>>> print(open('final_33.cif').read())   # mmCIF, C-alpha atoms and all ligand atoms
data_input
loop_
_atom_site.label_atom_id
_atom_site.label_comp_id
_atom_site.auth_asym_id
_atom_site.auth_seq_id
_atom_site.Cartn_x
_atom_site.Cartn_y
_atom_site.Cartn_z
CA MET X 4 83.71 4.22 72.06
CA LYS X 5 82.98 1.35 69.70
CA LEU X 6 80.86 -1.42 71.21
CA LEU X 7 79.22 -4.65 70.20
CA LEU X 8 75.66 -4.94 71.54
CA LYS X 9 74.07 -8.39 71.76
CA ILE X 10 70.39 -7.58 72.18
CA TRP X 11 67.47 -9.94 72.83
CA ARG X 12 64.87 -9.55 70.07
CA GLN X 13 61.46 -11.17 70.51
CA GLN X 14 58.33 -10.33 68.53
CA ASN X 15 55.81 -11.16 71.30
CA ALA X 16 55.22 -13.38 74.34
CA SER X 17 54.48 -16.49 72.30
CA SER X 18 57.30 -16.23 69.74
CA LYS X 19 60.85 -17.52 70.25
CA GLY X 20 63.42 -14.82 70.87
CA LYS X 21 67.09 -14.65 69.91
CA PHE X 22 70.15 -12.47 70.38
CA VAL X 23 71.01 -10.13 67.50
CA ASP X 24 74.42 -8.42 67.18
CA TYR X 25 74.53 -4.64 66.70
CA PRO X 26 77.95 -2.97 66.35
CA ILE X 27 77.73 0.68 67.43
CA SER X 28 80.27 3.53 67.42
CA GLY X 29 80.53 7.17 68.55
CA ILE X 30 79.29 6.40 72.08
CA GLU X 31 80.42 8.97 74.69
CA GLY X 32 81.10 8.11 78.33
CA ASP X 33 78.69 10.85 79.45
CA MET X 34 75.74 9.23 77.66
CA SER X 35 73.30 7.25 79.74
CA PHE X 36 72.67 3.63 78.81
CA LEU X 37 69.22 4.54 77.49
CA GLU X 38 70.67 7.38 75.40
CA MET X 39 73.04 4.83 73.88
CA LEU X 40 69.99 2.69 72.98
CA ASP X 41 68.30 5.82 71.55
CA VAL X 42 71.32 6.27 69.24
CA LEU X 43 71.05 2.64 68.13
CA ASN X 44 67.30 2.95 67.53
CA GLN X 45 67.74 6.09 65.43
CA GLN X 46 70.29 4.23 63.30
CA LEU X 47 67.88 1.28 62.91
CA ILE X 48 65.00 3.61 61.96
CA ASP X 49 67.24 5.39 59.42
CA LYS X 50 67.98 1.99 57.83
CA GLY X 51 64.27 1.10 57.75
CA GLU X 52 64.66 -1.56 60.45
CA GLU X 53 62.47 -2.06 63.52
CA PRO X 54 63.81 -0.24 66.61
CA VAL X 55 64.49 -2.19 69.81
CA VAL X 56 61.56 -1.97 72.25
CA PHE X 57 62.55 -1.14 75.84
CA ASP X 58 60.72 0.33 78.82
CA HIS X 59 61.47 3.79 80.22
CA ASP X 60 59.63 6.80 81.55
CA CYS X 61 61.17 9.25 84.07
CA ARG X 62 64.84 8.58 83.18
CA GLU X 63 65.81 9.82 86.63
CA GLY X 64 65.57 6.74 88.84
CA ILE X 65 62.08 7.31 90.15
CA CYS X 66 59.49 5.39 88.14
CA GLY X 67 61.07 1.92 88.06
CA THR X 68 60.14 1.13 84.46
CA CYS X 69 63.65 0.84 82.93
CA SER X 70 64.11 -2.89 83.36
CA LEU X 71 67.18 -4.23 81.59
CA GLN X 72 69.46 -7.14 82.36
CA ILE X 73 72.92 -5.90 81.33
CA ASN X 74 75.79 -8.39 81.18
CA GLY X 75 73.80 -10.65 83.50
CA GLU X 76 72.98 -8.00 86.11
CA PRO X 77 69.66 -6.18 86.54
CA HIS X 78 70.37 -2.45 85.94
CA GLY X 79 73.96 -3.27 84.94
CA PRO X 80 77.35 -3.15 86.65
CA ASP X 81 76.95 0.00 88.81
CA ARG X 82 75.38 -0.09 92.30
CA LEU X 83 72.30 1.64 93.76
CA ILE X 84 71.15 3.03 90.44
CA THR X 85 68.58 2.18 87.80
CA THR X 86 69.37 1.49 84.13
CA CYS X 87 68.43 5.06 83.19
CA GLN X 88 71.10 6.36 85.61
CA LEU X 89 73.80 4.03 84.30
CA HIS X 90 76.46 5.88 82.34
CA MET X 91 78.45 4.54 79.41
CA ARG X 92 81.68 5.45 81.22
CA MET X 93 81.15 2.17 83.12
CA PHE X 94 82.14 0.39 79.87
CA LYS X 95 85.37 0.35 77.84
CA ASP X 96 86.02 0.85 74.15
CA GLY X 97 85.67 -2.52 72.41
CA ASP X 98 83.39 -4.06 75.06
CA THR X 99 80.62 -6.50 74.19
CA ILE X 100 77.41 -5.74 76.11
CA VAL X 101 74.68 -8.38 76.44
CA ILE X 102 71.24 -6.81 76.92
CA GLU X 103 68.24 -8.94 77.91
CA PRO X 104 64.80 -8.45 79.41
CA PHE X 105 64.21 -9.27 83.10
CA ARG X 106 63.68 -13.04 83.13
CA ALA X 107 60.87 -14.48 85.27
CA LYS X 108 57.78 -16.59 84.57
CA ALA X 109 55.66 -13.91 86.25
CA PHE X 110 57.15 -11.20 83.96
CA PRO X 111 56.25 -12.38 80.42
CA VAL X 112 58.02 -10.62 77.55
CA ILE X 113 55.80 -8.12 75.71
CA LYS X 114 58.35 -7.38 73.02
CA ASP X 115 62.16 -7.38 72.84
CA LEU X 116 63.36 -5.95 76.18
CA MET X 117 59.95 -4.94 77.56
CA VAL X 118 58.25 -7.23 80.09
CA ASP X 119 54.81 -7.21 81.69
CA ARG X 120 55.22 -6.39 85.39
CA SER X 121 51.51 -6.02 86.15
CA ALA X 122 51.92 -8.92 88.62
CA PHE X 123 53.47 -6.31 90.95
CA ASP X 124 50.40 -4.08 90.55
CA ARG X 125 48.13 -6.97 91.56
CA ILE X 126 50.24 -7.69 94.66
CA GLN X 127 49.98 -4.01 95.59
CA GLN X 128 46.23 -3.98 94.96
CA ALA X 129 45.82 -7.03 97.24
CA GLY X 130 46.72 -5.00 100.34
CA GLY X 131 49.22 -2.20 99.74
CA TYR X 132 46.99 0.57 101.05
CA ILE X 133 45.41 1.90 104.24
CA SER X 134 41.81 2.93 104.83
CA VAL X 135 41.57 6.49 106.14
CA ASN X 136 38.48 8.28 107.41
CA THR X 137 38.07 11.30 105.13
CA SER X 138 34.62 12.30 106.33
CA GLY X 139 35.72 15.64 107.76
CA ASN X 140 37.24 14.61 111.09
CA THR X 141 40.51 13.24 109.69
CA VAL X 142 43.39 13.13 112.17
CA ASP X 143 46.43 15.03 110.93
CA ALA X 144 49.15 12.38 110.43
CA ASN X 145 51.72 14.74 111.97
CA THR X 146 49.90 14.62 115.34
CA ILE X 147 50.58 10.88 115.71
CA PRO X 148 53.90 10.34 117.52
CA ILE X 149 56.14 7.81 115.73
CA GLU X 150 59.58 6.68 116.89
CA LYS X 151 62.32 8.10 114.68
CA THR X 152 63.86 4.69 113.93
CA LYS X 153 60.48 3.29 112.87
CA ALA X 154 59.74 6.34 110.73
CA ASP X 155 63.14 5.97 109.06
CA ASP X 156 62.67 2.23 108.43
CA ALA X 157 59.18 2.84 106.98
CA PHE X 158 60.57 5.59 104.76
CA ASN X 159 63.41 3.35 103.55
CA ALA X 160 60.93 0.56 102.72
CA ALA X 161 58.75 3.05 100.86
CA ALA X 162 61.70 3.89 98.61
CA CYS X 163 60.99 0.70 96.59
CA ILE X 164 60.13 1.78 93.03
CA GLY X 165 58.71 -1.59 91.93
CA CYS X 166 61.32 -2.08 89.21
CA GLY X 167 61.53 -5.86 89.51
CA ALA X 168 65.34 -6.10 89.66
CA CYS X 169 65.03 -8.17 92.84
CA VAL X 170 63.00 -10.77 90.92
CA ALA X 171 65.41 -10.74 87.97
CA ALA X 172 68.41 -11.17 90.28
CA CYS X 173 66.91 -14.09 92.20
CA LYS X 174 67.58 -17.65 91.03
CA ASN X 175 64.04 -18.49 92.20
CA ALA X 176 62.49 -15.34 90.65
CA SER X 177 61.18 -14.51 94.10
CA ALA X 178 59.27 -11.28 94.73
CA MET X 179 59.89 -11.35 98.48
CA LEU X 180 62.00 -8.17 98.60
CA PHE X 181 59.39 -6.14 96.70
CA THR X 182 56.41 -7.54 98.63
CA SER X 183 58.17 -7.20 101.98
CA ALA X 184 59.01 -3.54 101.27
CA LYS X 185 55.35 -2.86 100.49
CA VAL X 186 54.23 -4.71 103.65
CA SER X 187 56.88 -3.04 105.83
CA GLN X 188 56.15 0.55 104.86
CA PHE X 189 52.72 0.13 106.49
CA ALA X 190 53.51 -2.46 109.18
CA LEU X 191 55.93 -0.04 110.88
CA LEU X 192 53.41 2.80 111.21
CA PRO X 193 50.33 3.02 113.46
CA GLN X 194 48.16 3.91 110.46
CA GLY X 195 49.14 0.60 108.86
CA ARG X 196 48.47 -1.62 111.87
CA VAL X 197 44.66 -1.50 111.48
CA GLU X 198 44.68 -3.76 108.40
CA ALA X 199 48.08 -5.40 109.02
CA THR X 200 46.82 -8.97 109.47
CA GLN X 201 44.73 -9.04 106.32
CA ARG X 202 47.34 -7.10 104.34
CA VAL X 203 50.22 -9.53 104.77
CA LEU X 204 48.04 -12.60 104.18
CA SER X 205 46.51 -11.12 101.00
CA MET X 206 49.74 -9.78 99.53
CA VAL X 207 51.66 -13.02 100.11
CA ARG X 208 48.75 -15.05 98.67
CA GLN X 209 48.75 -12.86 95.55
CA MET X 210 52.55 -13.10 95.26
CA ASP X 211 52.26 -16.91 95.22
CA LEU X 212 49.34 -16.86 92.77
CA GLU X 213 51.38 -14.79 90.32
CA GLY X 214 53.98 -17.57 90.08
CA PHE X 215 56.96 -15.96 91.83
CA GLY X 216 59.37 -18.39 93.48
CA ASN X 217 60.23 -18.64 97.15
CA CYS X 218 63.06 -16.94 99.04
CA THR X 219 66.10 -19.06 99.86
CA ASN X 220 68.04 -16.25 101.56
CA THR X 221 70.66 -15.87 98.83
CA GLY X 222 70.57 -12.09 99.12
CA ALA X 223 71.12 -11.34 95.41
CA CYS X 224 67.99 -9.15 95.47
CA GLU X 225 69.46 -6.80 98.08
CA VAL X 226 72.74 -6.51 96.13
CA GLU X 227 71.03 -5.58 92.86
CA CYS X 228 68.24 -3.38 94.28
CA PRO X 229 68.73 0.19 93.00
CA LYS X 230 67.11 1.62 96.14
CA GLY X 231 69.06 -0.38 98.73
CA ILE X 232 65.97 -2.15 100.08
CA SER X 233 67.20 -4.27 102.98
CA LEU X 234 66.69 -8.00 103.56
CA GLU X 235 65.44 -6.96 107.02
CA ASN X 236 62.14 -6.26 105.29
CA ILE X 237 61.83 -9.94 104.33
CA ALA X 238 62.48 -10.96 107.94
CA ARG X 239 59.82 -8.44 109.07
CA MET X 240 57.30 -9.76 106.53
CA ASN X 241 57.94 -13.34 107.65
CA ARG X 242 57.24 -12.32 111.27
CA GLU X 243 54.10 -10.42 110.21
CA TYR X 244 52.96 -13.44 108.19
CA LEU X 245 53.53 -15.85 111.07
CA MET X 246 51.61 -13.63 113.51
CA ALA X 247 48.80 -13.12 111.00
CA SER X 248 48.53 -16.88 110.32
CA VAL X 249 48.25 -17.61 114.06
CA LYS X 250 45.56 -14.93 114.45
CA GLY X 251 43.79 -16.35 111.38
S1 LIG S 1 62.83 -4.06 96.19
FE1 LIG S 1 64.38 -2.92 95.01
S2 LIG S 1 64.76 -4.23 93.23
FE2 LIG S 1 62.82 -4.91 94.12
S3 LIG S 1 61.23 -3.78 93.06
FE3 LIG S 1 61.75 -2.58 94.89
S4 LIG S 1 63.31 -1.14 94.19
FE4 LIG S 1 63.20 -2.72 92.60
S1 LIG S 2 63.15 5.38 83.54
FE1 LIG S 2 62.23 5.77 85.50
S2 LIG S 2 63.58 4.74 86.89
FE2 LIG S 2 64.54 4.52 84.97
#
>>> encode(input="final_33.cif", output="structure tokens")
Amino acid sequence: MKLLLKIWRQQNASSKGKFVDYPISGIEGDMSFLEMLDVLNQQLIDKGEEPVVFDHDCREGICGTCSLQINGEPHGPDRLITTCQLHMRMFKDGDTIVIEPFRAKAFPVIKDLMVDRSAFDRIQQAGGYISVNTSGNTVDANTIPIEKTKADDAFNAAACIGCGACVAACKNASAMLFTSAKVSQFALLPQGRVEATQRVLSMVRQMDLEGFGNCTNTGACEVECPKGISLENIARMNREYLMASVKG
């Protein structure tokens, strides 16, 4: 395949970025999107030019670092996959592909296509944990009976990989889907109920402090989420937040 890539180049957070055109050829349908960018970068290095900076780590849909906006969609045109799992067979010979970083005030650009998503870490640190007695008389988690449906819902919420596609997809750059998944995975389990009140208040406060927008129920986050995190988690977090606010 021959393609024209329009890639966002930006030196650092304070400089102005711009799109640069890169024609590329010899791309196979079996290549992943990141392998296609590897080919481009090798060509740029061979010409003595600066390679395009982009985030990646596991390249198997687990770590959540591969954050690319491809033709206007976080993680590109396929569904329920991350950018690293996107294959070039989703594109046609002669296509133009626009590649940008995830856009949100709370995700400042580090360089080119790489953004700083440490805001998510700080939301997680605000309450995304449980306190467990490890002094020698720990209760085996498997001895605590948990309804199957609740266990399944908690597991599904825990599938969030913190990639940030929900924020990039949202016209308000809201982090509600991410935060609600992190709240839900604990709120549904008895181990998570102990600190539930403080958790939801702290995580929502941190989410607001980081500059994410509010949720207006558009649902774009759910559509673009590579892990199929459901909007039900946002509804659950809103209920948790209301109850916690009443309790104080
Ligand atoms: S909710 Fe989905 S889109 Fe948002 S961070 Fe988690 S996995 Fe990524
Ligand atoms: S590189 Fe880890 S999810 Fe894509």
>>> residues_near_ligand(input="final_33.cif", ligand="ligand LIG 1 (chain S)", cutoff="8 Å", atoms="all atoms listed in the file", output="list in words")
Gly67, Ala162, Cys163, Ile164, Gly165, Cys166, Gly167, Ala168, Cys169, Val170, Ala178, Leu180, Phe181, Thr182, Ala184, Cys224, Glu225, Glu227, Cys228, Pro229, Lys230, Gly231 and Ile232 of chain X
>>> closest_residue(input="final_33.cif", among="X:Gln128, X:Thr146, X:Ser138, X:Asn217", to="Ser177 of chain X", atoms="all atoms listed in the file")
X:Asn217
>>> closest_residue(input="final_33.cif", among="X:Met240, X:Met34, X:Ile27, X:Ile73", to="Lys185 of chain X", atoms="all atoms listed in the file")
X:Met240
>>> closest_residue(input="final_33.cif", among="X:Val142, X:Ala247, X:Val112, X:Ala172", to="Gln72 of chain X", atoms="all atoms listed in the file")
X:Ala172
>>> atom_distance(input="final_33.cif", atom1="atom CA of Thr137 of chain X", atom2="atom CA of Phe158 of chain X")
23.2 Å
>>> residues_around(input="final_33.cif", residues="Gln14 of chain X", least_positions_apart="4", cutoff="8 Å", atoms="all atoms listed in the file", output="list in words")
Ser18, Lys19, Gly20, Ile113, Lys114 and Asp115 of chain X
>>> residues_near_point(input="final_33.cif", point="(60.3, 5.0, 82.6)", cutoff="12 Å", atoms="only C-alpha atoms", output="ChimeraX atom specification")
/X:37,57-71,85-88,117,164-166
>>> atom_distance(input="final_33.cif", atom1="atom CA of Asp156 of chain X", atom2="atom CA of Gln188 of chain X")
7.6 Å
>>> closest_residue(input="final_33.cif", among="X:Glu76, X:Asp124, X:Asp33, X:Asp41", to="Met91 of chain X", atoms="only C-alpha atoms")
X:Asp33
>>> atom_distance(input="final_33.cif", atom1="atom CA of Ile48 of chain X", atom2="atom CA of Asp96 of chain X")
24.5 Å
>>> residues_near_point(input="final_33.cif", point="(45.4, -7.4, 106.3)", cutoff="12 Å", atoms="only C-alpha atoms", output="ChimeraX atom specification")
/X:128-134,186,189-190,195-208,243-244,246-248,250-251
>>> closest_residue(input="final_33.cif", among="X:Pro54, X:Pro26, X:Pro77, X:Gly97", to="ligand LIG 2 (chain S)", atoms="all atoms listed in the file")
X:Pro77
>>> closest_residue(input="final_33.cif", among="X:Ser35, X:Asn175, X:Gln194, X:Asn145", to="ligand LIG 2 (chain S)", atoms="all atoms listed in the file")
X:Ser35
>>> axis_aligned_box(input="final_33.cif", around="segment 93-99 of chain X", padding_each_side="3 Å", output="JSON")
{"center_x": 83.3, "center_y": -2.2, "center_z": 77.8, "size_x": 11.4, "size_y": 14.7, "size_z": 16.7}
>>> residues_around(input="final_33.cif", residues="Phe22 of chain X", least_positions_apart="2", cutoff="6 Å", atoms="all atoms listed in the file", output="list in words")
Lys9, Ile10 and Trp11 of chain X
